[in-house]
$ cat data.txt   # compact mmCIF, C-alpha atoms
# COMPACT_ATOMS: atom_id res chain seq x y z
CA MET X 561 11.96 98.12 -43.90
CA CYS X 562 10.13 95.42 -41.92
CA LYS X 563 6.57 96.13 -40.88
CA PRO X 564 5.77 95.82 -37.14
CA TYR X 565 3.82 92.58 -37.52
CA ILE X 566 6.68 90.99 -39.49
CA LEU X 567 9.12 91.99 -36.73
CA THR X 568 6.77 90.43 -34.17
CA ILE X 569 6.72 87.16 -36.11
CA ILE X 570 10.51 87.15 -36.34
CA VAL X 571 10.85 87.72 -32.59
CA LEU X 572 8.36 84.94 -31.83
CA LEU X 573 10.09 82.51 -34.19
CA THR X 574 13.48 83.35 -32.69
CA SER X 575 12.15 82.77 -29.17
CA TYR X 576 10.57 79.49 -30.24
CA MET X 577 13.82 78.29 -31.81
CA GLN X 578 15.76 79.19 -28.66
CA VAL X 579 13.35 77.17 -26.52
CA GLU X 580 13.54 74.25 -28.92
CA GLN X 581 17.34 74.30 -28.89
CA PHE X 582 17.57 74.51 -25.12
CA GLN X 583 19.17 71.32 -23.82
CA LEU X 584 20.25 69.99 -20.46
CA LYS X 585 23.48 68.07 -20.16
CA CYS X 586 22.66 65.07 -18.01
CA ALA X 587 24.31 62.07 -16.38
CA VAL X 588 23.03 58.81 -14.94
CA VAL X 589 24.24 57.31 -11.65
CA ASP X 590 23.13 53.76 -10.86
CA ASP X 591 25.03 50.65 -9.82
CA SER X 592 22.78 48.50 -12.04
CA ARG X 593 23.82 48.44 -15.70
CA LEU X 594 20.30 47.44 -16.77
CA GLN X 595 18.76 50.34 -14.88
CA ARG X 596 21.26 52.75 -16.44
CA LEU X 597 20.36 51.45 -19.90
CA ALA X 598 16.66 52.02 -19.21
CA ILE X 599 17.27 55.64 -18.20
CA VAL X 600 19.73 56.25 -21.06
CA LYS X 601 17.13 55.04 -23.56
CA LEU X 602 14.61 57.60 -22.32
CA ILE X 603 17.26 60.34 -22.33
CA ASP X 604 18.25 59.53 -25.92
CA GLU X 605 14.63 59.82 -27.00
CA HIS X 606 14.12 63.21 -25.38
CA PRO X 607 15.07 66.16 -27.63
CA SER X 608 15.95 68.45 -24.72
CA LEU X 609 18.42 66.09 -23.03
CA GLU X 610 22.03 65.36 -23.90
CA LEU X 611 23.71 62.44 -22.15
CA VAL X 612 27.27 63.33 -21.18
CA ALA X 613 28.16 60.60 -18.66
CA GLU X 614 27.20 57.36 -16.94
CA TRP X 615 28.58 56.40 -13.55
CA ASN X 616 27.94 53.28 -11.48
CA ASN X 617 28.70 54.59 -7.99
CA ALA X 618 28.96 57.77 -5.94
CA ILE X 619 32.77 57.89 -5.87
CA GLU X 620 32.99 57.70 -9.68
CA THR X 621 30.36 60.41 -9.88
CA LYS X 622 32.12 62.78 -7.50
CA ASN X 623 35.36 62.46 -9.47
CA GLY X 624 33.57 62.68 -12.81
CA LEU X 625 31.78 65.89 -11.91
CA LEU X 626 35.14 67.61 -11.46
CA ASP X 627 35.71 67.38 -15.22
CA THR X 628 32.22 67.08 -16.69
CA LYS X 629 29.59 69.83 -16.79
CA VAL X 630 26.27 68.32 -15.77
CA ASP X 631 23.01 70.25 -15.53
CA LEU X 632 20.81 67.34 -14.47
CA LEU X 633 21.69 64.18 -12.56
CA PHE X 634 19.47 61.08 -12.59
CA LEU X 635 20.55 59.61 -9.28
CA ASP X 636 19.95 56.25 -7.61
CA ILE X 637 19.90 56.23 -3.80
CA GLU X 638 20.85 52.73 -2.66
CA MET X 639 24.37 52.05 -3.96
CA PRO X 640 27.39 50.25 -2.49
CA ILE X 641 29.76 52.16 -0.15
CA LEU X 642 28.12 55.59 -0.55
CA THR X 643 24.43 56.31 -1.10
CA GLY X 644 23.06 58.99 -3.38
CA PHE X 645 22.44 61.13 -0.30
CA ASP X 646 26.08 60.68 0.79
CA LEU X 647 27.17 61.87 -2.64
CA LEU X 648 25.09 65.04 -2.43
CA ASP X 649 26.37 65.76 1.07
CA ASP X 650 29.90 65.75 -0.37
CA LEU X 651 29.17 68.03 -3.34
CA GLU X 652 29.62 71.78 -3.09
CA ASN X 653 28.06 72.64 -6.45
CA LYS X 654 25.14 70.35 -7.13
CA PRO X 655 23.40 69.95 -10.49
CA HIS X 656 19.63 69.61 -10.58
CA ILE X 657 18.66 66.21 -9.16
CA ILE X 658 16.00 63.70 -10.19
CA PHE X 659 16.12 60.68 -7.91
CA VAL X 660 15.43 57.33 -9.56
CA THR X 661 14.91 54.50 -7.09
CA GLY X 662 12.94 51.33 -6.51
CA LYS X 663 11.62 52.34 -3.10
CA THR X 664 9.27 55.01 -1.82
CA LYS X 665 10.67 55.21 1.71
CA TYR X 666 13.24 57.85 0.79
CA ALA X 667 10.80 60.24 -0.90
CA PHE X 668 10.42 62.62 2.03
CA LYS X 669 14.16 62.82 2.65
CA ALA X 670 14.83 63.31 -1.07
CA PHE X 671 13.12 66.67 -1.09
CA ASP X 672 15.36 67.89 1.74
CA TYR X 673 17.97 67.85 -1.03
CA ASP X 674 15.87 70.12 -3.25
CA ALA X 675 15.20 67.29 -5.69
CA ILE X 676 13.21 68.24 -8.76
CA ASP X 677 11.42 64.90 -8.69
CA TYR X 678 11.43 61.37 -7.32
CA LEU X 679 10.85 58.58 -9.84
CA ARG X 680 10.03 54.96 -9.05
CA LYS X 681 11.56 52.08 -10.97
CA PRO X 682 10.58 50.73 -13.42
CA LEU X 683 10.36 54.07 -15.18
CA LYS X 684 7.31 55.11 -17.16
CA ARG X 685 7.84 57.41 -20.11
CA GLU X 686 5.07 59.87 -19.18
CA ARG X 687 6.32 60.22 -15.63
CA PHE X 688 9.91 60.59 -16.83
CA ASN X 689 8.98 63.31 -19.32
CA SER X 690 6.99 65.15 -16.66
CA ALA X 691 10.04 65.23 -14.37
CA VAL X 692 12.23 66.44 -17.23
CA GLU X 693 9.80 69.28 -17.98
CA LYS X 694 10.13 70.44 -14.38
CA ALA X 695 13.91 70.42 -14.74
CA LEU X 696 13.73 72.36 -18.01
CA SER X 697 11.38 74.91 -16.49
CA MET X 698 13.67 75.45 -13.48
CA SER X 699 16.73 75.73 -15.71
CA ARG X 700 15.09 78.29 -17.97
CA MET X 701 14.03 80.26 -14.91
CA SER X 702 17.59 80.14 -13.59
CA MET X 703 18.86 81.26 -16.97
CA ASN X 704 16.44 84.20 -17.09
CA ASN X 705 16.56 85.22 -13.43
CA GLY X 706 19.67 83.60 -12.14
CA MET X 707 21.93 84.86 -14.88
CA ALA X 708 21.87 87.72 -12.53
CA GLU X 709 24.73 89.95 -11.62
CA ASP X 710 27.49 88.32 -9.63
CA ASP X 711 26.46 90.14 -6.46
CA ASP X 712 22.73 89.39 -6.82
CA TYR X 713 22.70 86.52 -4.34
CA ILE X 714 23.47 85.61 -0.78
CA PHE X 715 24.30 82.30 0.85
CA VAL X 716 22.10 81.00 3.66
CA LYS X 717 22.16 77.88 5.80
CA SER X 718 18.94 75.87 5.78
CA ASN X 719 18.55 72.33 7.14
CA LEU X 720 22.32 72.33 7.81
CA LYS X 721 23.01 72.92 4.12
CA LYS X 722 24.50 75.97 2.44
CA ARG X 723 22.17 77.40 -0.22
CA LYS X 724 22.47 80.20 -2.73
CA VAL X 725 19.48 82.57 -2.75
CA PHE X 726 19.08 84.94 -5.68
CA LEU X 727 17.81 88.26 -4.38
CA SER X 728 15.75 88.86 -7.52
CA ASN X 729 13.73 85.76 -6.59
CA LEU X 730 13.20 86.74 -2.95
CA LYS X 731 9.73 88.27 -2.47
CA TYR X 732 9.76 88.89 1.26
CA VAL X 733 11.09 87.67 4.60
CA GLU X 734 8.86 86.69 7.50
CA ALA X 735 9.88 86.32 11.15
CA LEU X 736 9.33 82.82 12.50
CA GLY X 737 10.41 82.67 16.15
CA ASP X 738 14.15 82.01 16.19
CA TYR X 739 14.07 81.64 12.41
CA VAL X 740 13.19 83.66 9.34
CA LYS X 741 11.21 82.32 6.40
CA LEU X 742 12.20 83.39 2.90
CA ILE X 743 9.26 83.51 0.48
CA MET X 744 10.53 82.91 -3.05
CA THR X 745 9.16 83.36 -6.56
CA ASP X 746 10.72 80.12 -7.78
CA GLY X 747 10.10 77.44 -5.16
CA ASP X 748 9.10 76.52 -1.65
CA PRO X 749 9.86 78.83 1.30
CA ILE X 750 13.35 78.53 2.80
CA VAL X 751 13.65 78.52 6.59
CA VAL X 752 16.87 79.98 7.99
CA LEU X 753 18.13 80.14 11.57
CA ALA X 754 18.58 83.91 12.03
CA THR X 755 17.04 86.95 13.67
CA MET X 756 15.27 89.54 11.55
CA LYS X 757 17.89 92.10 12.53
CA SER X 758 20.85 89.97 11.48
CA PHE X 759 19.17 88.87 8.24
CA GLU X 760 18.18 92.44 7.40
CA ALA X 761 21.86 93.36 7.60
CA GLU X 762 22.61 90.79 4.87
CA LEU X 763 20.26 92.46 2.38
CA PRO X 764 20.99 95.56 0.26
CA SER X 765 19.12 98.46 1.88
CA ASP X 766 18.31 100.06 -1.49
CA ARG X 767 16.30 96.97 -2.54
CA PHE X 768 14.82 95.63 0.70
CA LEU X 769 12.93 97.39 3.46
CA ARG X 770 11.70 96.24 6.84
CA ILE X 771 8.09 97.40 6.84
CA HIS X 772 6.99 95.67 10.05
CA LYS X 773 8.66 93.99 13.01
CA SER X 774 7.93 90.65 11.31
CA TYR X 775 8.40 91.47 7.61
CA ILE X 776 11.07 92.60 5.18
CA VAL X 777 10.00 93.10 1.56
CA ASN X 778 11.68 93.25 -1.81
CA LEU X 779 10.80 96.74 -3.04
CA ASP X 780 10.83 95.57 -6.67
CA LYS X 781 8.01 93.15 -5.89
CA VAL X 782 5.63 95.65 -4.25
CA GLU X 783 2.54 95.97 -6.47
CA ARG X 784 0.38 98.31 -4.35
CA TYR X 785 -0.03 99.52 -0.82
CA ASN X 786 -2.31 101.41 1.53
CA SER X 787 -1.97 102.67 5.09
CA ARG X 788 -2.15 99.15 6.54
CA ASN X 789 -0.83 96.67 4.00
CA ILE X 790 1.29 96.17 0.95
CA GLU X 791 0.53 93.62 -1.77
CA ILE X 792 2.97 91.22 -3.43
CA ASP X 793 1.61 88.56 -5.79
CA ASN X 794 -1.89 89.00 -4.32
CA GLU X 795 -0.55 88.44 -0.78
CA GLN X 796 -1.37 91.05 1.86
CA ILE X 797 1.59 91.91 4.11
CA PRO X 798 1.07 94.18 7.14
CA LEU X 799 2.67 97.63 7.06
CA SER X 800 3.56 99.34 10.32
CA ARG X 801 2.14 102.84 10.59
CA HIS X 802 5.52 104.39 11.34
CA LYS X 803 7.08 102.65 8.30
CA LYS X 804 4.71 104.07 5.69
CA ASN X 805 6.80 107.20 5.01
CA SER X 806 9.95 105.08 4.72
CA LEU X 807 8.17 102.88 2.19
CA ILE X 808 6.97 105.84 0.12
CA GLU X 809 10.47 107.32 0.10
CA ALA X 810 12.11 103.98 -0.79
CA LEU X 811 9.68 103.32 -3.66
CA SER X 812 10.12 106.83 -5.04
CA ASN X 813 13.89 106.31 -5.13

$ encode --input "data.txt" --output "structure tokens"
Amino acid sequence: MCKPYILTIIVLLTSYMQVEQFQLKCAVVDDSRLQRLAIVKLIDEHPSLELVAEWNNAIETKNGLLDTKVDLLFLDIEMPILTGFDLLDDLENKPHIIFVTGKTKYAFKAFDYDAIDYLRKPLKRERFNSAVEKALSMSRMSMNNGMAEDDDYIFVKSNLKKRKVFLSNLKYVEALGDYVKLIMTDGDPIVVLATMKSFEAELPSDRFLRIHKSYIVNLDKVERYNSRNIEIDNEQIPLSRHKKNSLIEALSN
């Protein structure tokens, strides 16, 4: 029979091996063959990346993604006929994106597309590996949190784009005029055009509670509370006096 410390070592080794074996299937999109070769070389040298496709324009890419599973796309922006942005506008299910381009002027717009990173050509190995680590971290988080139950998400529209929001990653909702702001555990806040009342109706009432006219909280994320505030990840969120009993009852259930 294994002693406790031996079992601990086995668990740690198993976890380590799983992390080491974790790989992202990736593809490169660039109309320049030389630029594709430069990216492919870095991909081949990275143990956590597996190259599954190369495409030289957006149309090829859109068709290719119908048959090829891609976790991470290294995407150029300025290409003939359709740009990288045009491609993403046409995709319903987007892989993680790392933009690779020769110009800085698109950087701000790139992050409207939830890009993991924005790399300048010519690529530097350190910068490339740093971007890949971000992608790996997000993918592992999605695997741990996002391998959630099929009904553990809602779709929202933000910046005219449809986005999937996993409820397990939603800490709280804050009123913002004609909008609501979703505070997430795994990324930047998401701003959605909606009233608090309409958005509250989208959330499961057994997991979320409106504790103030301007705040809805994920009950699973509540760490402590008093008569005036609740705390989530060291953030103080106001609690309406008449909502305290509802909070106590919801947490006890």

$ residues_around --input "data.txt" --residues "region 719-724 of chain X" --least-positions-apart "4" --cutoff "8 Å" --atoms "all atoms listed in the file" --output "MDAnalysis selection string"
chainID X and resid 672 713:715 751:752

$ atom_distance --input "data.txt" --atom1 "CA of Ala691 (chain X)" --atom2 "CA of Leu647 (chain X)"
21.0 Å

$ residues_around --input "data.txt" --residues "Ile619 (chain X)" --least-positions-apart "5" --cutoff "9 Å" --atoms "all atoms listed in the file" --output "ChimeraX atom specification"
/X:624,641-642,647

$ residues_around --input "data.txt" --residues "region 665-668 of chain X" --least-positions-apart "2" --cutoff "12 Å" --atoms "only C-alpha atoms" --output "ChimeraX atom specification"
/X:636-638,643-645,658-663,670-680

$ atom_distance --input "data.txt" --atom1 "CA of Val716 (chain X)" --atom2 "CA of Ala618 (chain X)"
26.1 Å

$ closest_residue --input "data.txt" --among "X:Lys654, X:Lys681, X:Arg687, X:Lys669" --to "Arg596 (chain X)" --atoms "all atoms listed in the file"
X:Lys681
